[in-house]
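Heads up: the structure comes next, in structure tokens.
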Amino acid sequence: MQRRTFQQFLSAAAFLSPVLGHTQTRAVVRAGDQKGGLRALLEAAGELKSLPYDIQWTEFPAAAPLAEALNADAVDFGPIGDAPLLFSLAAGSRVKAFAVNRSDPYGTAILVAPNSPLKDASSLKGKSVATNRGSIGHFVTLKALASVGLKAEDINLRFLAPPDAKLALTQGSVDAWATWEPYTALAETGGHARVLVNGRGLWSGLSFLAATDNALRDKRNHLQDLQQRIVRAQAWASQHPAEFSATLARIIGIPAEAARLQFERRQTRWQSIDAQVVADQQRTADFYLDAGLIKQKLDVRATFDTGLPLAA
């Protein structure tokens, strides 16, 4: 995203994003979000009530602009997948992951038109694939190619934001679209696409809450409180899938069928940042290095803040 466009986006988003509460003396946490993300989860579970601080929400269409906002200190924290977080860290972003969840990676997938002749990853050779640069869709594409002995040079990668990528696929200007939930469920239930390759066996399913160094220093208690609210909200949603899906559909403006499919398919589980998480993240970083997407080896151990426990 060009600097001017990014700054214009942030200005508009900040103007449109409501701040919960009006007292000027209350602390404000600037939360970045993605479609179908934290705000919908917290609102549905009632966890945005009686906050001891205010939240200013900014929604981003994908992880890459959210990561850029973190790097610019335009937001304090936000949800981001493992691959785009690494891409941002390798570019010098001063952020750290302080919470992690693992979900079923099926919905991070390569989609094709319902009538596409493509059958599997090997049939992508010579074809065009749309995705966001540095996204988990980009990562799954590269892993899918590697699994059948292909490289990025064997396809035509077109870096497009999800709405543009969806349009390109439906109009036939690209052969495939690598994306994530809720876009996968939306495309499937809307009859616009089918899954060619799903993320199982390709992606770890890890996603993080990442925050700037400044926020981790100055708003640490607020971030820990928010993390605990998110974990409680996830547990509530798992026990009330129909109610949560209906609220999610209303908040982000998607059909209830797609909202429920993507939620039930994900099976998101929050957990501690343990040795397995660090090892999985290191493997992803090493894969990015081998693929030439980052220029030097990244030791991921320094990119975590493990001092905010899941439970009080």
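Identifiers in this document derive from the order of the structure tokens: chains are assigned A, B, ..., residues are numbered from 1 separately in each chain, and ligands are numbered from 1 in order of occurrence.
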For stretch 180-214 of chain A against stretch 99-115 of chain A, with a cut-off of 7 Å and counting only C-alpha atoms, what is the closest atom pair and its distance in Å to one decimal for every residue that makes the cut, ordered by chain and number, as a Markdown table?
```
| residue | atom | partner | partner_atom | distance |
| --- | --- | --- | --- | --- |
| A:Trp180 | CA | A:Thr108 | CA | 4.1 |
| A:Glu181 | CA | A:Gly107 | CA | 5.6 |
| A:Thr184 | CA | A:Gly107 | CA | 5.9 |
| A:His192 | CA | A:Ala113 | CA | 6.3 |
| A:Ala193 | CA | A:Ala113 | CA | 4.4 |
| A:Arg194 | CA | A:Pro114 | CA | 5.4 |
| A:Val195 | CA | A:Leu111 | CA | 4.6 |
| A:Leu196 | CA | A:Leu111 | CA | 5.4 |
| A:Val197 | CA | A:Ile110 | CA | 5.1 |
| A:Asn198 | CA | A:Ala109 | CA | 4.3 |
| A:Gly199 | CA | A:Tyr106 | CA | 4.8 |
| A:Arg200 | CA | A:Pro105 | CA | 5.3 |
| A:Trp203 | CA | A:Pro105 | CA | 6.3 |
| A:Gly205 | CA | A:Pro105 | CA | 4.9 |
| A:Leu206 | CA | A:Arg102 | CA | 4.6 |
| A:Ser207 | CA | A:Asn101 | CA | 5.5 |
| A:Phe208 | CA | A:Val100 | CA | 4.4 |
| A:Leu209 | CA | A:Ala99 | CA | 5.1 |
```
What does the file look like for those residues with C-alpha atoms, as a JSON list (two decimals), in the first residue's frame?
```
[["chain", "number", "residue", "atom", "x", "y", "z"],
["A", 180, "TRP", "CA", -8.62, -17.11, 4.37],
["A", 181, "GLU", "CA", -11.78, -17.02, 6.45],
["A", 184, "THR", "CA", -13.36, -18.70, 1.87],
["A", 192, "HIS", "CA", -18.49, -18.16, -6.43],
["A", 193, "ALA", "CA", -15.69, -20.65, -5.80],
["A", 194, "ARG", "CA", -14.65, -24.08, -4.59],
["A", 195, "VAL", "CA", -11.60, -25.14, -2.59],
["A", 196, "LEU", "CA", -8.80, -26.48, -4.76],
["A", 197, "VAL", "CA", -6.21, -26.83, -1.98],
["A", 198, "ASN", "CA", -6.94, -26.37, 1.72],
["A", 199, "GLY", "CA", -4.42, -25.37, 4.36],
["A", 200, "ARG", "CA", -4.31, -28.62, 6.30],
["A", 203, "TRP", "CA", -0.15, -24.01, 7.49],
["A", 205, "GLY", "CA", -3.02, -22.52, 11.99],
["A", 206, "LEU", "CA", -1.31, -20.03, 14.30],
["A", 207, "SER", "CA", -2.59, -16.48, 14.68],
["A", 208, "PHE", "CA", -1.44, -13.88, 17.16],
["A", 209, "LEU", "CA", -2.30, -10.74, 19.00]]
```
Step one, run DSSP on the backbone; step two, keep only residues of stretch 95-138 of chain A assigned to strand (DSSP E); then write them as a tab-separated table (two decimals) with C-alpha atoms, in the first residue's frame.
```tsv
chain	number	residue	atom	x	y	z
A	95	VAL	CA	6.11	-5.21	17.47
A	96	LYS	CA	5.81	-8.42	19.47
A	97	ALA	CA	3.28	-11.23	19.67
A	98	PHE	CA	1.81	-11.48	23.16
A	99	ALA	CA	-1.00	-14.02	22.68
A	100	VAL	CA	-1.63	-16.92	20.32
A	101	ASN	CA	-4.42	-19.13	19.08
A	102	ARG	CA	-4.41	-22.18	16.86
A	109	ALA	CA	-7.13	-22.14	1.00
A	110	ILE	CA	-6.59	-21.77	-2.72
A	111	LEU	CA	-9.94	-21.25	-4.42
A	112	VAL	CA	-10.95	-21.68	-8.04
A	128	SER	CA	-2.36	-16.99	-12.27
A	129	VAL	CA	-3.04	-16.87	-8.52
A	130	ALA	CA	-4.27	-13.76	-6.70
A	131	THR	CA	-3.43	-13.14	-3.04
```
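The residue that comes closest to A:Ala165, out of A:Ala83, A:Leu308, A:Ala249, A:Ala178 and on the basis of only C-alpha atoms, is A:Ala178.
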Assign secondary structure with DSSP using the backbone only, and return the residues of stretch 4-244 of chain A in alpha helix (DSSP H) as a VMD selection string. chain A and resid 4 to 16 38 to 44 63 to 71 82 to 90 136 to 147 162 to 171 183 to 189 213 to 218 220 to 239 241 to 244
Ranking A:Gly172, A:Pro309, A:Pro52, A:Pro182 by minimum distance to A:Gly253 and counting only C-alpha atoms, which one comes first?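 Using only C-alpha atoms, A:Gly253 sits closest to A:Pro182.
Minimum distance to A:Gly191 across A:Asn156, A:Thr141, A:Ala74, A:Thr170 (counting only C-alpha atoms) occurs at A:Thr170.
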Residues at most 8 Å from stretch 296-299 of chain A, counting only C-alpha atoms, excluding those fewer than 4 positions away in the same chain, as a PyMOL selection string? chain A and resi 90+282+285-286+289+303
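In this comparison, which uses only C-alpha atoms, the residue of A:Val300, A:Ile80, A:Ala259, A:Ala233 approaching A:Glu43 most closely is A:Ala233.
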Proximity to A:Gly307 - best of A:Ala63, A:Ile273, A:Ile155, A:Leu89, only C-alpha atoms: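 Among the listed residues, A:Ile273 lies closest to A:Gly307.
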Contacts of A:Leu42 within 12 Å, only C-alpha atoms, excl. fewer than 4 positions in-chain, as a list of chain:residue names: A:Asp33, A:Gly36, A:Gly37, A:Leu38, A:Gly46, A:Glu47, A:Leu48, A:Lys49, A:Leu51, A:Ile55, A:Leu226, A:Gln227, A:Gln228, A:Arg229, A:Ile230, A:Val231, A:Arg232, A:Ala233, A:Gln234, A:Ala235, A:Trp236, A:Ala237, A:Phe244, A:Thr247, A:Leu248, A:Ile251
Convert the current residue selection to file output with C-alpha atoms, as an mmCIF file, in the first residue's frame.
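File written: again-v7.cif
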```
data_model
loop_
_atom_site.group_PDB
_atom_site.id
_atom_site.type_symbol
_atom_site.label_atom_id
_atom_site.label_comp_id
_atom_site.auth_asym_id
_atom_site.auth_seq_id
_atom_site.Cartn_x
_atom_site.Cartn_y
_atom_site.Cartn_z
ATOM 1 C CA ASP A 33 -8.994 -5.458 13.461
ATOM 2 C CA GLY A 36 -14.921 -10.894 11.248
ATOM 3 C CA GLY A 37 -12.315 -10.410 13.933
ATOM 4 C CA LEU A 38 -12.064 -9.278 17.511
ATOM 5 C CA GLY A 46 -20.883 -8.931 25.887
ATOM 6 C CA GLU A 47 -17.228 -8.366 26.721
ATOM 7 C CA LEU A 48 -17.250 -4.729 25.583
ATOM 8 C CA LYS A 49 -19.456 -3.731 28.495
ATOM 9 C CA LEU A 51 -14.614 -1.429 30.111
ATOM 10 C CA ILE A 55 -11.289 1.315 22.511
ATOM 11 C CA LEU A 226 -8.379 -7.325 26.572
ATOM 12 C CA GLN A 227 -6.610 -10.630 26.035
ATOM 13 C CA GLN A 228 -8.558 -12.206 28.882
ATOM 14 C CA ARG A 229 -11.818 -10.790 27.527
ATOM 15 C CA ILE A 230 -11.019 -12.263 24.109
ATOM 16 C CA VAL A 231 -10.328 -15.699 25.607
ATOM 17 C CA ARG A 232 -13.605 -15.586 27.553
ATOM 18 C CA ALA A 233 -15.461 -14.422 24.448
ATOM 19 C CA GLN A 234 -14.040 -17.306 22.420
ATOM 20 C CA ALA A 235 -15.228 -19.780 25.047
ATOM 21 C CA TRP A 236 -18.693 -18.191 25.016
ATOM 22 C CA ALA A 237 -18.866 -18.318 21.216
ATOM 23 C CA PHE A 244 -22.457 -15.815 17.795
ATOM 24 C CA THR A 247 -24.241 -11.522 15.615
ATOM 25 C CA LEU A 248 -21.125 -11.855 13.464
ATOM 26 C CA ILE A 251 -21.857 -6.833 12.456
#
```
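Distance check against A:Trp270 using only C-alpha atoms: of A:Arg250, A:Ser238, A:Asp218, A:Asp154, the minimum falls on A:Ser238.
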What does the structure give for the distance between atom CA of A:Ser135 and atom CA of A:Thr179, in Å to one decimal?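 So the two atoms, atom CA of A:Ser135 and atom CA of A:Thr179, lie 8.3 Å apart.
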Expressed in Å to a single decimal, how great is the separation between atom CA of A:Pro84 and atom CA of A:Ile136?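 Interatomic distance here is 6.5 Å.
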